[in-house]
Amino acid sequence: MSLVLDEVTKDYPGGVRALDGVCLAVGDGELVGVVGPSGSGKSTLLRCLNRLVEPTAGRVRFDGRDFRSLDPRELRRRAALVMQTPVLFEGSVRDNLLVRPPGASGDFSPARLASALVDVGLDPELLDRDAATLSGGEKQRVTIARALLGNPQALLLDEPTSALDPPNVALVAETVSRLRERYQLTIVAVTHQPDLVRRLGGCLLYLVRGEVVAYARADGTVSDSKLHASLSGAQASPPIRYP
Amino acid sequence: MTSTGAVLDLSLPQLGLALLLVGVIIAISVYQRLGIAGDVVVGTLRAMVQLYLVGLILAVVFRAARWYWVLLILVVMTAVAAQAATGRLGKPLPGGGAIAALALTVSTAITLVYVIGVVVRVRPWYEPQYIIPIAGMILGSAMTSAALAGDRLQSDLRIRADEVEARLALGFSGREAVQPVVRAALRAAMIPTVNGMMTVGLVQLPGMMTGQILAGSSPLLAIKYQLVVVFMQAAATAIAAMLFVRLAVARYLTPAHQFARSRL
């Protein structure tokens, strides 16, 4: 699935501009890390992509289609969001994996649930554990497994490793990388660890106060355009070496 | 104290003696430095003035016995109840006054029509002696229910905002995503009524029953009326809470199934 943000601006009540004319194009199966200081609009950008937040101006396109022409519920199933703080509902891990909107299609057989846990590096024995007793890293991986069970084409990760200790960070990063390859997932990840994204062969978008200030491609070249950041590079400024 | 038929009349000096009881709460407030003595004094004065004025108005309306006067009284009662239902919410609810007015009007109208027309069969329907106190009790329950539901709804939406967003992100509709919060708010609004039904008569004699017994009715007749009151209050509580929560929660959702956190 390709995702495109075209001059997207988001103003919150009270005159706070979270995004200011952001452009971004993410090709099918590609990985983009969004980095920037706190309050720079990273989470808002992610939520504009699956329309949890409505852009004030600009357009978002899914596989070339304006996202306003799609049912927001369907769009969110196709572009699954994993939040910074894992949200698990009351009940077992199995109950959590089965949290689905009425009428959602997909395979939710016990075997599929077990394989979803294996996919994220968890023991299927955990299925009947009370979700509240899991560690932070386990909870985060359960939320990734839950997102994957809906067979999404894209994963939107909102600082999925920020609350984790280093071994868990490595585990989650490794899990995401493996899943991307296996399912050809398009991934947009808000992160404070640009090195991790580079190691995984991803591109980096630098946001400051809601504006794109630089875009680093997988090969390490950087465009400093404030206007356009595109994987194709067609709309970007001539590349400069990233210091 | 003089006796008028079966009812003992109260003289003004006797009311003055009753007023001394308020001194207890003022004394405790001052002694414990609770800072509510001023409110108690204002509350006492308001209670006296409000009840006296209401008594005067009701005396006129009872004498006139015209349907339009009764309707006007009901409208004023509903407006005051609607304002009170949303007045103490943590943060103003957008359009809260109109939502409360609608929820209270519909819940009271349905319950009142049933009780007056089908159960008690008052003729004519606008007989003030019946319809005003009964409407007052229904409105009181509906108002408390809407206030409790609204308060719980707002606080739970704030505390469980991530949960609501997580459901939306999984592809739930806005209405489905807030359903657990709606359920908790409805429970919070209805539990006091259900608990009240469990202990009615055992812990205290309800106000209407007490009033009727004091006014000389037989306890068995008073019980029959009290049962009607308990049942009608249960219905009004449920209808008001349901309508209020459904309409209020919609203020925090958009047609694109988004959760408007900033309105909280």
# chains A, B, ... in the order shown; residues from 1 in each chain; ligands from 1
call {"tool": "select_by_dssp", "arguments": {"residues": "stretch 8-241 of chain A", "states": "strand (DSSP E)", "output": "MDAnalysis selection string"}}
result
chainID A and resid 8:12 16:26 31:35 57:62 65:66 79:82 154:158 186:190 203:208 211:216 221:223 240:241
call {"tool": "residues_around", "arguments": {"residues": "A:Leu49", "least_positions_apart": "4", "cutoff": "12 Å", "atoms": "only C-alpha atoms", "output": "PyMOL selection string"}}
result
(chain A and resi 2-6+8+10+22-26+42-45+53-55+58-62+66-68+72+75-76+78-81+154-158+187-189) or (chain B and resi 169)
call {"tool": "interface_residues", "arguments": {"of": "chain A", "to": "chain B", "cutoff": "8 Å", "atoms": "only C-alpha atoms", "output": "list in words"}}
result
Pro13, Asn50, Arg51, Leu52, Val53, Asp71, Pro72, Arg73, Glu74, Leu75, Arg76, Arg77, Ala80, Leu81, Met83, Val87, Leu88, Phe89, Arg100, Pro101, Pro102 and Ala147 of chain A
call {"tool": "write_last_selection", "arguments": {"atoms": "C-alpha atoms", "output": "PDB file, in the first residue's frame"}}
result
ATOM      1  CA  PRO A  13      -8.437  24.305  18.783  1.00  0.00           C
ATOM      2  CA  ASN A  50      -5.432   6.695   9.273  1.00  0.00           C
ATOM      3  CA  ARG A  51      -7.813   9.617   9.784  1.00  0.00           C
ATOM      4  CA  LEU A  52      -8.045   9.354  13.548  1.00  0.00           C
ATOM      5  CA  VAL A  53      -7.263  13.050  13.222  1.00  0.00           C
ATOM      6  CA  ASP A  71     -14.829   4.357   4.916  1.00  0.00           C
ATOM      7  CA  PRO A  72     -12.635   5.444   7.855  1.00  0.00           C
ATOM      8  CA  ARG A  73     -13.206   2.083   9.586  1.00  0.00           C
ATOM      9  CA  GLU A  74     -12.002   0.154   6.545  1.00  0.00           C
ATOM     10  CA  LEU A  75      -9.064   2.514   6.157  1.00  0.00           C
ATOM     11  CA  ARG A  76      -7.996   1.896   9.777  1.00  0.00           C
ATOM     12  CA  ARG A  77      -8.159  -1.848   9.292  1.00  0.00           C
ATOM     13  CA  ALA A  80      -3.194  -0.474  11.548  1.00  0.00           C
ATOM     14  CA  LEU A  81      -1.970   1.818  14.317  1.00  0.00           C
ATOM     15  CA  MET A  83       0.141   3.170  19.967  1.00  0.00           C
ATOM     16  CA  VAL A  87      -3.684  -0.563  25.270  1.00  0.00           C
ATOM     17  CA  LEU A  88      -4.835  -4.000  26.355  1.00  0.00           C
ATOM     18  CA  PHE A  89      -8.424  -4.620  27.384  1.00  0.00           C
ATOM     19  CA  ARG A 100     -12.670  -7.031  16.513  1.00  0.00           C
ATOM     20  CA  PRO A 101     -15.370  -4.767  15.174  1.00  0.00           C
ATOM     21  CA  PRO A 102     -18.603  -6.589  14.321  1.00  0.00           C
ATOM     22  CA  ALA A 147      -2.991  -5.290  14.602  1.00  0.00           C
TER      23      ALA A 147
END
call {"tool": "atom_distance", "arguments": {"atom1": "atom CA of A:Gly41", "atom2": "atom CA of A:Arg180"}}
result
24.7 Å
call {"tool": "atom_distance", "arguments": {"atom1": "atom CA of B:Leu214", "atom2": "atom CA of B:Leu12"}}
result
18.3 Å
